[in-house]
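Visitor: Data file run33.txt (compact mmCIF, C-alpha atoms and all ligand atoms) is appended below.
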# COMPACT_ATOMS: atom_id res chain seq x y z
CA MET T 1 0.00 0.00 0.00
CA ARG T 2 1.24 3.49 -0.82
CA ARG T 3 1.55 5.64 2.27
CA ILE T 4 -0.66 8.43 3.54
CA LEU T 5 0.92 11.86 4.09
CA VAL T 6 -0.73 14.34 6.46
CA THR T 7 0.54 17.91 6.10
CA GLY T 8 -0.10 20.24 9.02
CA ALA T 9 -0.18 17.18 11.26
CA ALA T 10 0.63 19.25 14.36
CA GLY T 11 -2.49 21.41 13.89
CA ALA T 12 -5.89 20.89 15.47
CA ILE T 13 -7.32 18.71 12.69
CA GLY T 14 -4.00 16.98 12.06
CA ARG T 15 -3.50 15.72 15.61
CA ASN T 16 -7.00 14.25 15.66
CA LEU T 17 -6.89 12.94 12.10
CA LEU T 18 -3.69 11.00 12.85
CA ARG T 19 -5.49 9.16 15.64
CA GLY T 20 -8.36 8.41 13.25
CA LEU T 21 -5.98 7.12 10.57
CA TYR T 22 -4.05 4.90 13.00
CA ALA T 23 -7.36 3.16 13.73
CA PHE T 24 -7.41 1.90 10.12
CA HIS T 25 -3.75 1.85 9.10
CA ARG T 26 -0.44 0.67 10.53
CA PRO T 27 1.60 3.55 12.00
CA GLN T 28 4.36 2.90 9.44
CA ASP T 29 1.87 3.56 6.62
CA VAL T 30 1.07 7.11 7.79
CA VAL T 31 3.60 9.96 7.49
CA ALA T 32 2.92 12.92 9.75
CA GLY T 33 4.25 16.11 8.15
CA TYR T 34 5.00 19.10 10.34
CA ASN T 35 6.74 22.37 9.70
CA LYS T 36 7.70 24.36 12.80
CA THR T 37 6.07 22.35 15.58
CA PRO T 38 7.71 18.93 15.96
CA LEU T 39 5.24 16.17 16.71
CA THR T 40 5.06 14.39 20.00
CA GLY T 41 3.11 11.35 21.11
CA LEU T 42 3.33 9.40 17.84
CA PRO T 43 3.15 5.60 18.06
CA GLU T 44 6.49 3.81 18.24
CA ASP T 45 6.52 2.89 14.54
CA GLY T 46 4.93 6.18 13.47
CA LEU T 47 6.68 8.16 10.76
CA SER T 48 7.10 11.92 10.80
CA VAL T 49 8.85 14.34 8.51
CA GLN T 50 9.61 18.04 8.53
CA VAL T 51 8.19 19.63 5.41
CA ASP T 52 7.26 23.18 4.47
CA VAL T 53 4.40 22.92 1.97
CA THR T 54 5.52 26.09 0.18
CA ASP T 55 8.70 24.22 -0.82
CA LYS T 56 7.52 22.10 -3.74
CA GLU T 57 10.83 20.41 -4.35
CA ARG T 58 11.10 19.18 -0.77
CA LEU T 59 7.45 18.13 -0.78
CA GLY T 60 8.13 16.14 -3.95
CA LEU T 61 11.12 14.42 -2.32
CA VAL T 62 8.92 13.43 0.64
CA VAL T 63 6.28 12.02 -1.73
CA GLU T 64 8.95 9.97 -3.52
CA LYS T 65 10.87 8.85 -0.46
CA TYR T 66 7.82 7.60 1.39
CA ASP T 67 5.93 6.35 -1.67
CA VAL T 68 2.92 8.50 -0.86
CA GLY T 69 -0.46 7.75 -2.46
CA ASP T 70 -2.93 9.84 -0.45
CA VAL T 71 -2.36 13.31 0.99
CA TYR T 72 -4.49 14.93 3.67
CA HIS T 73 -3.33 18.47 3.05
CA LEU T 74 -4.14 20.45 6.19
CA SER T 75 -1.39 23.09 6.42
CA ALA T 76 -3.02 26.52 6.48
CA LEU T 77 -3.39 29.75 8.40
CA LEU T 78 -6.80 30.14 10.10
CA SER T 79 -9.09 33.12 9.53
CA ILE T 80 -7.70 35.66 11.99
CA ALA T 81 -4.07 34.79 11.30
CA ALA T 82 -4.78 35.09 7.55
CA GLU T 83 -6.45 38.48 7.95
CA LYS T 84 -3.47 39.77 9.91
CA ASN T 85 -0.92 38.42 7.42
CA PRO T 86 -2.61 38.07 4.01
CA GLU T 87 0.64 37.71 2.11
CA LEU T 88 1.74 34.73 4.20
CA ALA T 89 -1.78 33.27 4.00
CA ARG T 90 -1.71 33.37 0.21
CA ARG T 91 1.73 31.75 0.19
CA VAL T 92 0.79 28.94 2.57
CA ASN T 93 -2.93 28.44 1.91
CA MET T 94 -2.86 28.90 -1.86
CA GLY T 95 0.78 28.16 -2.67
CA GLY T 96 0.81 25.02 -0.55
CA LEU T 97 -2.34 23.71 -2.17
CA THR T 98 -1.04 24.43 -5.68
CA ASN T 99 2.14 22.49 -4.88
CA VAL T 100 0.16 19.53 -3.55
CA LEU T 101 -2.13 19.48 -6.61
CA ASP T 102 0.82 19.74 -9.01
CA LEU T 103 2.45 16.76 -7.29
CA ALA T 104 -0.90 14.95 -7.33
CA LYS T 105 -0.91 15.35 -11.10
CA ASP T 106 2.66 14.08 -11.47
CA TYR T 107 2.55 11.24 -8.92
CA ASP T 108 -1.10 10.22 -9.22
CA LEU T 109 -1.92 11.19 -5.64
CA ARG T 110 -5.40 11.41 -4.15
CA VAL T 111 -5.94 14.52 -2.04
CA PHE T 112 -8.17 15.56 0.85
CA TRP T 113 -8.26 19.29 1.47
CA PRO T 114 -10.50 21.12 3.94
CA SER T 115 -12.49 24.08 2.72
CA SER T 116 -14.62 26.16 5.07
CA ILE T 117 -17.93 27.92 5.64
CA ALA T 118 -15.73 31.00 5.17
CA VAL T 119 -16.32 30.67 1.41
CA PHE T 120 -19.67 32.36 2.05
CA GLY T 121 -20.19 36.06 2.64
CA SER T 122 -23.16 38.31 3.28
CA THR T 123 -24.71 37.54 -0.13
CA ALA T 124 -25.41 33.92 0.92
CA PRO T 125 -28.60 33.02 2.83
CA LYS T 126 -27.76 32.86 6.55
CA TYR T 127 -29.92 29.87 7.44
CA ASN T 128 -29.44 26.44 5.94
CA THR T 129 -26.99 27.98 3.45
CA PRO T 130 -27.24 25.82 0.32
CA GLN T 131 -24.34 24.19 -1.50
CA ASP T 132 -24.68 26.53 -4.47
CA ALA T 133 -25.19 29.80 -2.59
CA PRO T 134 -23.12 32.72 -3.94
CA LEU T 135 -19.47 32.64 -2.89
CA ASP T 136 -18.54 36.21 -1.97
CA PRO T 137 -16.15 35.90 0.96
CA GLU T 138 -15.27 39.17 2.64
CA PHE T 139 -11.99 38.12 4.24
CA GLU T 140 -8.65 36.73 3.11
CA TYR T 141 -9.12 33.23 4.52
CA GLY T 142 -12.41 32.76 2.67
CA ARG T 143 -11.03 34.20 -0.56
CA ASN T 144 -8.19 31.64 -0.39
CA LYS T 145 -10.71 28.86 0.24
CA VAL T 146 -12.85 29.84 -2.77
CA ALA T 147 -9.76 30.01 -4.98
CA GLY T 148 -8.64 26.63 -3.57
CA GLU T 149 -12.00 25.04 -4.37
CA ARG T 150 -11.74 26.31 -7.94
CA LEU T 151 -8.23 24.85 -8.22
CA LEU T 152 -9.48 21.46 -7.06
CA GLN T 153 -12.17 21.54 -9.72
CA GLN T 154 -9.73 22.64 -12.41
CA TYR T 155 -7.20 19.90 -11.58
CA PHE T 156 -10.00 17.33 -11.63
CA ASN T 157 -11.41 18.53 -14.96
CA GLU T 158 -8.11 19.06 -16.74
CA PHE T 159 -5.85 16.38 -15.26
CA GLY T 160 -8.21 13.93 -13.54
CA VAL T 161 -6.71 14.66 -10.09
CA ASP T 162 -8.93 12.96 -7.51
CA ALA T 163 -9.10 15.67 -4.84
CA ARG T 164 -11.97 15.65 -2.34
CA SER T 165 -13.09 18.33 0.05
CA VAL T 166 -15.62 19.41 2.65
CA ARG T 167 -16.48 22.87 3.94
CA TYR T 168 -15.91 22.65 7.67
CA GLY T 169 -17.49 24.97 10.19
CA GLY T 170 -15.82 25.55 13.53
CA LEU T 171 -14.28 22.31 14.80
CA LEU T 172 -14.58 21.43 18.46
CA GLY T 173 -12.03 19.16 20.05
CA PRO T 174 -9.55 19.10 22.90
CA GLY T 175 -6.21 20.76 22.18
CA LYS T 176 -4.90 24.27 21.95
CA PRO T 177 -7.20 26.45 19.80
CA GLY T 178 -5.63 28.21 16.81
CA PRO T 179 -6.01 31.84 15.70
CA GLY T 180 -9.46 31.51 14.11
CA THR T 181 -12.93 32.91 14.71
CA THR T 182 -14.88 29.83 15.78
CA GLU T 183 -12.06 28.81 18.16
CA TYR T 184 -13.61 31.01 20.87
CA ALA T 185 -15.84 28.02 21.65
CA ILE T 186 -12.84 25.86 22.56
CA GLU T 187 -11.34 28.68 24.63
CA MET T 188 -14.62 29.01 26.52
CA ILE T 189 -14.70 25.32 27.46
CA TYR T 190 -11.05 25.44 28.61
CA ALA T 191 -11.75 28.52 30.77
CA ALA T 192 -14.81 26.85 32.30
CA VAL T 193 -12.87 23.70 33.19
CA LYS T 194 -10.19 25.85 34.85
CA GLY T 195 -12.95 27.47 36.93
CA GLU T 196 -12.43 30.84 35.26
CA PRO T 197 -14.97 33.23 33.72
CA TYR T 198 -14.72 33.67 29.94
CA ALA T 199 -14.93 36.93 27.99
CA SER T 200 -16.42 36.02 24.61
CA PRO T 201 -14.91 37.92 21.64
CA LEU T 202 -18.21 37.36 19.80
CA GLY T 203 -21.31 39.13 21.00
CA PRO T 204 -24.61 37.68 22.22
CA GLY T 205 -26.63 35.99 19.51
CA THR T 206 -23.67 35.29 17.19
CA ALA T 207 -24.54 31.85 15.84
CA LEU T 208 -21.97 29.86 13.87
CA PRO T 209 -21.97 26.35 12.36
CA MET T 210 -19.80 23.92 14.30
CA THR T 211 -18.81 20.24 14.15
CA ASP T 212 -17.37 17.87 16.74
CA MET T 213 -13.77 17.07 15.81
CA ARG T 214 -14.57 13.34 15.94
CA ASP T 215 -17.20 13.87 13.25
CA ALA T 216 -14.86 16.13 11.26
CA VAL T 217 -12.15 13.45 11.20
CA ARG T 218 -14.66 10.79 10.21
CA ALA T 219 -15.94 13.02 7.39
CA ALA T 220 -12.41 13.33 5.98
CA ILE T 221 -11.78 9.59 6.19
CA GLU T 222 -15.22 8.70 4.80
CA ILE T 223 -15.13 11.05 1.83
CA MET T 224 -11.70 9.61 0.93
CA ALA T 225 -13.06 6.05 1.28
CA ALA T 226 -16.14 6.71 -0.89
CA PRO T 227 -16.20 5.21 -4.39
CA LYS T 228 -14.99 7.79 -6.89
CA GLU T 229 -18.27 8.01 -8.77
CA ARG T 230 -20.08 9.08 -5.58
CA ILE T 231 -18.04 12.28 -5.43
CA LYS T 232 -20.03 14.47 -7.75
CA ILE T 233 -19.04 17.86 -6.38
CA ARG T 234 -15.43 18.56 -7.22
CA THR T 235 -15.17 21.92 -5.49
CA SER T 236 -16.14 21.14 -1.88
CA TYR T 237 -19.15 19.72 -0.04
CA ASN T 238 -21.14 21.70 2.52
CA LEU T 239 -20.93 19.79 5.82
CA SER T 240 -23.07 20.41 8.87
CA ALA T 241 -23.66 19.16 12.38
CA MET T 242 -24.70 21.87 14.87
CA SER T 243 -24.88 25.62 15.33
CA PHE T 244 -24.87 27.70 18.51
CA THR T 245 -24.35 31.14 20.05
CA PRO T 246 -21.93 31.92 22.91
CA GLU T 247 -24.89 31.96 25.35
CA GLN T 248 -26.13 28.56 24.19
CA LEU T 249 -22.65 27.11 24.65
CA ALA T 250 -22.39 28.66 28.12
CA ASP T 251 -25.79 27.15 29.09
CA GLU T 252 -24.58 23.72 28.02
CA ILE T 253 -21.32 24.14 29.97
CA ARG T 254 -23.31 25.08 33.10
CA LYS T 255 -24.90 21.61 33.11
CA TYR T 256 -21.43 20.38 34.18
CA ILE T 257 -19.99 23.54 35.76
CA PRO T 258 -22.96 25.38 37.25
CA GLY T 259 -21.07 28.49 38.37
CA PHE T 260 -19.53 29.20 34.95
CA GLU T 261 -19.68 32.89 34.12
CA LEU T 262 -19.89 34.19 30.54
CA ARG T 263 -18.87 37.78 29.88
CA PHE T 264 -18.48 39.67 26.63
CA LYS T 265 -15.48 41.59 25.36
CA ILE T 266 -16.11 42.03 21.67
CA ASP T 267 -13.16 41.60 19.32
CA GLU T 268 -14.06 43.84 16.42
CA LEU T 269 -12.30 41.78 13.72
CA LYS T 270 -13.60 38.42 14.95
CA GLN T 271 -17.12 39.84 15.17
CA ARG T 272 -16.99 41.19 11.61
CA VAL T 273 -15.69 37.86 10.31
CA ALA T 274 -18.39 35.93 12.21
CA ASN T 275 -21.10 38.31 10.98
CA SER T 276 -20.14 37.54 7.39
CA TRP T 277 -20.52 33.75 7.82
CA PRO T 278 -23.68 31.59 7.78
CA TYR T 279 -25.61 30.62 10.93
CA THR T 280 -26.46 27.13 9.70
CA ILE T 281 -25.42 25.04 6.70
CA GLY T 282 -27.47 22.88 4.35
CA ASP T 283 -25.51 19.72 3.60
CA SER T 284 -28.01 17.53 1.75
CA PHE T 285 -25.57 16.74 -1.07
CA ALA T 286 -22.93 15.29 1.27
CA ARG T 287 -25.67 13.17 2.87
CA GLU T 288 -27.07 12.01 -0.49
CA HIS T 289 -23.86 11.51 -2.45
CA TRP T 290 -21.50 9.79 -0.04
CA GLY T 291 -23.66 9.10 2.98
CA TRP T 292 -22.56 11.79 5.44
CA VAL T 293 -24.33 11.53 8.82
CA HIS T 294 -23.11 13.47 11.83
CA SER T 295 -23.05 11.76 15.22
CA TYR T 296 -22.60 14.55 17.74
CA GLY T 297 -24.61 17.61 18.69
CA LEU T 298 -23.85 20.34 21.23
CA PRO T 299 -24.61 18.31 24.42
CA GLU T 300 -22.45 15.33 23.40
CA THR T 301 -19.59 17.56 22.26
CA VAL T 302 -19.50 19.69 25.41
CA GLY T 303 -19.63 16.60 27.65
CA TYR T 304 -16.82 14.96 25.68
CA MET T 305 -14.60 18.03 25.69
CA ILE T 306 -15.04 18.71 29.39
CA ASN T 307 -14.13 15.09 30.18
CA GLU T 308 -11.10 15.10 27.90
CA ILE T 309 -9.78 18.43 29.21
CA ARG T 310 -10.25 17.34 32.81
N1 LIG M 1 -12.24 27.62 12.34
C1 LIG M 1 -11.93 28.41 11.18
C2 LIG M 1 -11.65 29.80 11.58
O1 LIG M 1 -12.42 30.37 12.31
C3 LIG M 1 -13.08 28.38 10.19
O2 LIG M 1 -12.82 27.56 9.09
O3 LIG M 1 -10.68 30.36 11.16
Now that the file is in, can you turn its structure into structure tokens?
Ligand code: SER
Guide:
Amino acid sequence: MRRILVTGAAGAIGRNLLRGLYAFHRPQDVVAGYNKTPLTGLPEDGLSVQVDVTDKERLGLVVEKYDVGDVYHLSALLSIAAEKNPELARRVNMGGLTNVLDLAKDYDLRVFWPSSIAVFGSTAPKYNTPQDAPLDPEFEYGRNKVAGERLLQQYFNEFGVDARSVRYGGLLGPGKPGPGTTEYAIEMIYAAVKGEPYASPLGPGTALPMTDMRDAVRAAIEIMAAPKERIKIRTSYNLSAMSFTPEQLADEIRKYIPGFELRFKIDELKQRVANSWPYTIGDSFAREHWGWVHSYGLPETVGYMINEIR
């Protein structure tokens, strides 16, 4: 079997995806790629490699050396980091993806790449946002995601590259939250477990689509396992599980930590980004085409995270 390469393996999705992949594959068949943050806690036979995805030559050498067949390409800057450093975001988020797709063409690789609800802007319906809603992102991260989706489609149409993608909402799992917008939810749960109050950067009533990390990992593995003919959307599939506001999350946390106190300290940039994104996502195509079913809602996710963090 050709090996699986995960880029961005030290990131939030990467760490969890590795665990999911080890459930189906031998550790020596999965190569965890990291750039600046070396990986810890890999299984004894687990493989890891330092690779900067903007360096196509090095990436190509890794693909050759490890006889890679599938790539889960996760390296990217999140929304707030991208907005603060758009030039770097374009280099990593767009440049990295272009390198991976070019290598996919040359080495016949299959690719998973996460897109995001950030592809939508204020022109899309807020509730149950459909797959084919207008894509008018208002921030750098979303613009990169739209361009990335178009690249996937182009490489499929022109070169037959089998790249598959889902549009994730905020992902909720244990582990240090990155510099994104939806990550406030993870910060809130950590603060609550520590017995501290939490000042939400998003104001009351700000609803955003979210998914339990366990579901997100399963979605990536399942879309890659689906027969090729079932993947009919070659940009990226809307994917949905739950949606909540900061107050709704706080109420759920209080079932475990009754004294938890939610405050508000609005972060102007995060609020503007959140305001431009959908409240809920319509994902009927993912459900119809390749059988997506989510397992976890807000209560299950909060219970799981509190247990894991404790
Ligand atoms: N979690 C991401 C962010 O907020 C959304 O894709 O940046």
Visitor: Counting all atoms listed in the file, what is within 6 Å of segment 135-147 of chain T, bar same-chain residues fewer than 4 positions away, as a PyMOL selection string?
Guide: chain T and resi 79+82-83+115+118-121
Visitor: Of the residues T:Pro246, T:Gly205, T:Gly148, T:Gly11, which is the one nearest to Thr182 of chain T, using all atoms listed in the file?
Guide: T:Pro246
Visitor: Taking all atoms listed in the file and a cut-off of 8 Å, can you tell me which residues surround ligand LIG 1 (chain M), written as a list of chain:residue names?
Guide: T:Leu77, T:Leu78, T:Ser79, T:Ile80, T:Ala81, T:Ser115, T:Ser116, T:Ile117, T:Ala118, T:Tyr141, T:Arg167, T:Tyr168, T:Gly169, T:Gly170, T:Leu171, T:Gly178, T:Pro179, T:Gly180, T:Thr181, T:Thr182, T:Glu183
Visitor: Could the residues in this selection be saved with C-alpha atoms as an mmCIF file, keeping the file's coordinate frame?
Guide:
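Heads up, here's the output in selection_8.cif:
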data_model
loop_
_atom_site.group_PDB
_atom_site.id
_atom_site.type_symbol
_atom_site.label_atom_id
_atom_site.label_comp_id
_atom_site.auth_asym_id
_atom_site.auth_seq_id
_atom_site.Cartn_x
_atom_site.Cartn_y
_atom_site.Cartn_z
ATOM 1 C CA LEU T 77 -3.390 29.750 8.400
ATOM 2 C CA LEU T 78 -6.800 30.140 10.100
ATOM 3 C CA SER T 79 -9.090 33.120 9.530
ATOM 4 C CA ILE T 80 -7.700 35.660 11.990
ATOM 5 C CA ALA T 81 -4.070 34.790 11.300
ATOM 6 C CA SER T 115 -12.490 24.080 2.720
ATOM 7 C CA SER T 116 -14.620 26.160 5.070
ATOM 8 C CA ILE T 117 -17.930 27.920 5.640
ATOM 9 C CA ALA T 118 -15.730 31.000 5.170
ATOM 10 C CA TYR T 141 -9.120 33.230 4.520
ATOM 11 C CA ARG T 167 -16.480 22.870 3.940
ATOM 12 C CA TYR T 168 -15.910 22.650 7.670
ATOM 13 C CA GLY T 169 -17.490 24.970 10.190
ATOM 14 C CA GLY T 170 -15.820 25.550 13.530
ATOM 15 C CA LEU T 171 -14.280 22.310 14.800
ATOM 16 C CA GLY T 178 -5.630 28.210 16.810
ATOM 17 C CA PRO T 179 -6.010 31.840 15.700
ATOM 18 C CA GLY T 180 -9.460 31.510 14.110
ATOM 19 C CA THR T 181 -12.930 32.910 14.710
ATOM 20 C CA THR T 182 -14.880 29.830 15.780
ATOM 21 C CA GLU T 183 -12.060 28.810 18.160
#
Visitor: Can you tell me which residues surround segment 90-101 of chain T at a distance of at most 7 Å, considering only C-alpha atoms, apart from same-chain residues fewer than 2 positions away, and format the answer as a PDB file with C-alpha atoms, keeping the file's coordinate frame?
Guide:
ATOM      1  CA  VAL T  53       4.400  22.920   1.970  1.00  0.00           C
ATOM      2  CA  THR T  54       5.520  26.090   0.180  1.00  0.00           C
ATOM      3  CA  LYS T  56       7.520  22.100  -3.740  1.00  0.00           C
ATOM      4  CA  ALA T  76      -3.020  26.520   6.480  1.00  0.00           C
ATOM      5  CA  LEU T  77      -3.390  29.750   8.400  1.00  0.00           C
ATOM      6  CA  PRO T  86      -2.610  38.070   4.010  1.00  0.00           C
ATOM      7  CA  GLU T  87       0.640  37.710   2.110  1.00  0.00           C
ATOM      8  CA  LEU T  88       1.740  34.730   4.200  1.00  0.00           C
ATOM      9  CA  LEU T 103       2.450  16.760  -7.290  1.00  0.00           C
ATOM     10  CA  ALA T 104      -0.900  14.950  -7.330  1.00  0.00           C
ATOM     11  CA  LYS T 105      -0.910  15.350 -11.100  1.00  0.00           C
ATOM     12  CA  ASN T 144      -8.190  31.640  -0.390  1.00  0.00           C
ATOM     13  CA  GLY T 148      -8.640  26.630  -3.570  1.00  0.00           C
TER      14      GLY T 148
END
Visitor: To one decimal place in Å, what is the distance between atom CA of Pro227 of chain T and atom CA of Phe156 of chain T?
Guide: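 So the answer is 15.4 Å.
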Visitor: Report as a PyMOL selection string all protein, DNA and RNA residues lying within 7 Å of Gly297 of chain T, evaluated on all atoms listed in the file, omitting residues in the same chain fewer than 4 positions from it.
Guide: chain T and resi 241-242+301
Visitor: Between atom CA of Gly41 of chain T and atom CA of Leu298 of chain T, what is the distance, to one decimal in Å?
Guide: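 Computed distance, atom CA of Gly41 of chain T to atom CA of Leu298 of chain T, equals 28.4 Å.
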Visitor: Enter the distance from atom CA of Tyr198 of chain T to atom CA of Ala274 of chain T, in Å, rounded to one decimal.
Guide: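 Separating atom CA of Tyr198 of chain T from atom CA of Ala274 of chain T is a distance of 18.2 Å.
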Visitor: Give the answer as one residue: which of T:Pro209, T:Ile4, T:Ala12, T:Glu196 has the shortest atom-to-atom distance to Arg110 of chain T, using all atoms listed in the file?
Guide: T:Ile4
Visitor: With 7 Å as the threshold, what does the neighbourhood of (-24.5, 14.9, 8.0) contain in terms of residues, counting all atoms listed in the file? Coordinates are those of the file; answer as a PDB file with C-alpha atoms, in the frame of the given file.
Guide:
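The resulting result03.pdb:
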ATOM      1  CA  LEU T 239     -20.930  19.790   5.820  1.00  0.00           C
ATOM      2  CA  SER T 240     -23.070  20.410   8.870  1.00  0.00           C
ATOM      3  CA  ALA T 241     -23.660  19.160  12.380  1.00  0.00           C
ATOM      4  CA  ASP T 283     -25.510  19.720   3.600  1.00  0.00           C
ATOM      5  CA  ALA T 286     -22.930  15.290   1.270  1.00  0.00           C
ATOM      6  CA  ARG T 287     -25.670  13.170   2.870  1.00  0.00           C
ATOM      7  CA  TRP T 292     -22.560  11.790   5.440  1.00  0.00           C
ATOM      8  CA  VAL T 293     -24.330  11.530   8.820  1.00  0.00           C
ATOM      9  CA  HIS T 294     -23.110  13.470  11.830  1.00  0.00           C
TER      10      HIS T 294
END
Visitor: Under the rule that all atoms listed in the file are counted, which of T:Gly33, T:Ile13, T:Asp102, T:Arg26 is the nearest residue to Glu57 of chain T?
Guide: T:Asp102
Visitor: For Glu229 of chain T, which residue out of T:Val302, T:Val193, T:His289, T:Gln50 is the nearest one, using all atoms listed in the file?
Guide: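 That would be T:His289, the residue with the smallest distance to Glu229 of chain T.
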Visitor: With a distance cut-off of 12 Å and only C-alpha atoms, select the neighbouring residues of Ala163 of chain T, excluding the residue or stretch itself and same-chain residues fewer than 3 positions from it, and output the selection as an NGL selection string.
Guide: :T and (69-73 or 97-98 or 100-105 or 108-115 or 148-157 or 159-160 or 166 or 220 or 223-224 or 228 or 231-237)
Visitor: When you count only C-alpha atoms, which of these residues is closest to Glu300 of chain T: T:Ser200, T:Asn16, T:Thr280, T:Thr211?
Guide: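 Of the candidates, the smallest distance to Glu300 of chain T is held by T:Thr211.
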Visitor: Find the spatial neighbours of Pro130 of chain T, counting only C-alpha atoms, within a cut-off of 6 Å - ignore same-chain residues fewer than 2 positions away - and output them as a list in words.
Guide: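 Here the qualifying residues turn out to be Asp132, Ala133 and Gly282 of chain T.
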Visitor: Using all atoms listed in the file, find the one residue out of T:Asn307, T:Ser122, T:Thr206, T:Gln131 that sits nearest to Phe264 of chain T.
Guide: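 For Phe264 of chain T, the nearest of the given residues is T:Thr206.
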Visitor: Residues proximal to (4.4, 28.9, 13.3) were defined as those with any atom within 10 Å of that point in the file's coordinates, counting all atoms listed in the file. Which are they, as a PyMOL selection string?
Guide: chain T and resi 35-37+77
Visitor: Please, could all heavy atoms be added to segment 117-123 of chain T and the result written as a short mmCIF file (atom, residue, chain, number, x, y, z; two decimals), in the frame of the given file?
Guide:
data_model
loop_
_atom_site.label_atom_id
_atom_site.label_comp_id
_atom_site.auth_asym_id
_atom_site.auth_seq_id
_atom_site.Cartn_x
_atom_site.Cartn_y
_atom_site.Cartn_z
N ILE T 117 -16.74 27.05 5.76
CA ILE T 117 -17.93 27.92 5.64
C ILE T 117 -17.52 29.35 5.33
O ILE T 117 -18.36 30.16 4.94
CB ILE T 117 -18.74 27.91 6.95
CG1 ILE T 117 -17.84 28.34 8.13
CG2 ILE T 117 -19.35 26.54 7.19
CD1 ILE T 117 -18.58 28.88 9.31
N ALA T 118 -16.23 29.65 5.46
CA ALA T 118 -15.73 31.00 5.17
C ALA T 118 -15.80 31.34 3.69
O ALA T 118 -15.55 32.49 3.30
CB ALA T 118 -14.29 31.13 5.65
N VAL T 119 -16.14 30.35 2.85
CA VAL T 119 -16.32 30.67 1.41
C VAL T 119 -17.55 31.55 1.19
O VAL T 119 -17.68 32.20 0.17
CB VAL T 119 -16.46 29.41 0.52
CG1 VAL T 119 -15.16 28.62 0.50
CG2 VAL T 119 -17.63 28.53 0.95
N PHE T 120 -18.44 31.56 2.20
CA PHE T 120 -19.67 32.36 2.05
C PHE T 120 -19.47 33.75 2.66
O PHE T 120 -18.72 33.92 3.63
CB PHE T 120 -20.84 31.67 2.74
CG PHE T 120 -21.15 30.31 2.17
CD1 PHE T 120 -20.96 29.16 2.92
CD2 PHE T 120 -21.61 30.19 0.87
CE1 PHE T 120 -21.23 27.91 2.39
CE2 PHE T 120 -21.89 28.93 0.32
CZ PHE T 120 -21.70 27.79 1.10
N GLY T 121 -20.19 34.71 2.08
CA GLY T 121 -20.19 36.06 2.64
C GLY T 121 -21.63 36.50 2.82
O GLY T 121 -22.55 35.68 2.81
N SER T 122 -21.82 37.80 2.94
CA SER T 122 -23.16 38.31 3.28
C SER T 122 -24.19 38.10 2.16
O SER T 122 -25.38 38.27 2.40
CB SER T 122 -23.08 39.79 3.63
OG SER T 122 -22.16 39.94 4.68
N THR T 123 -23.74 37.75 0.95
CA THR T 123 -24.71 37.54 -0.13
C THR T 123 -25.36 36.15 -0.05
O THR T 123 -26.32 35.87 -0.76
CB THR T 123 -24.02 37.64 -1.51
OG1 THR T 123 -22.90 36.76 -1.53
CG2 THR T 123 -23.56 39.07 -1.79
#
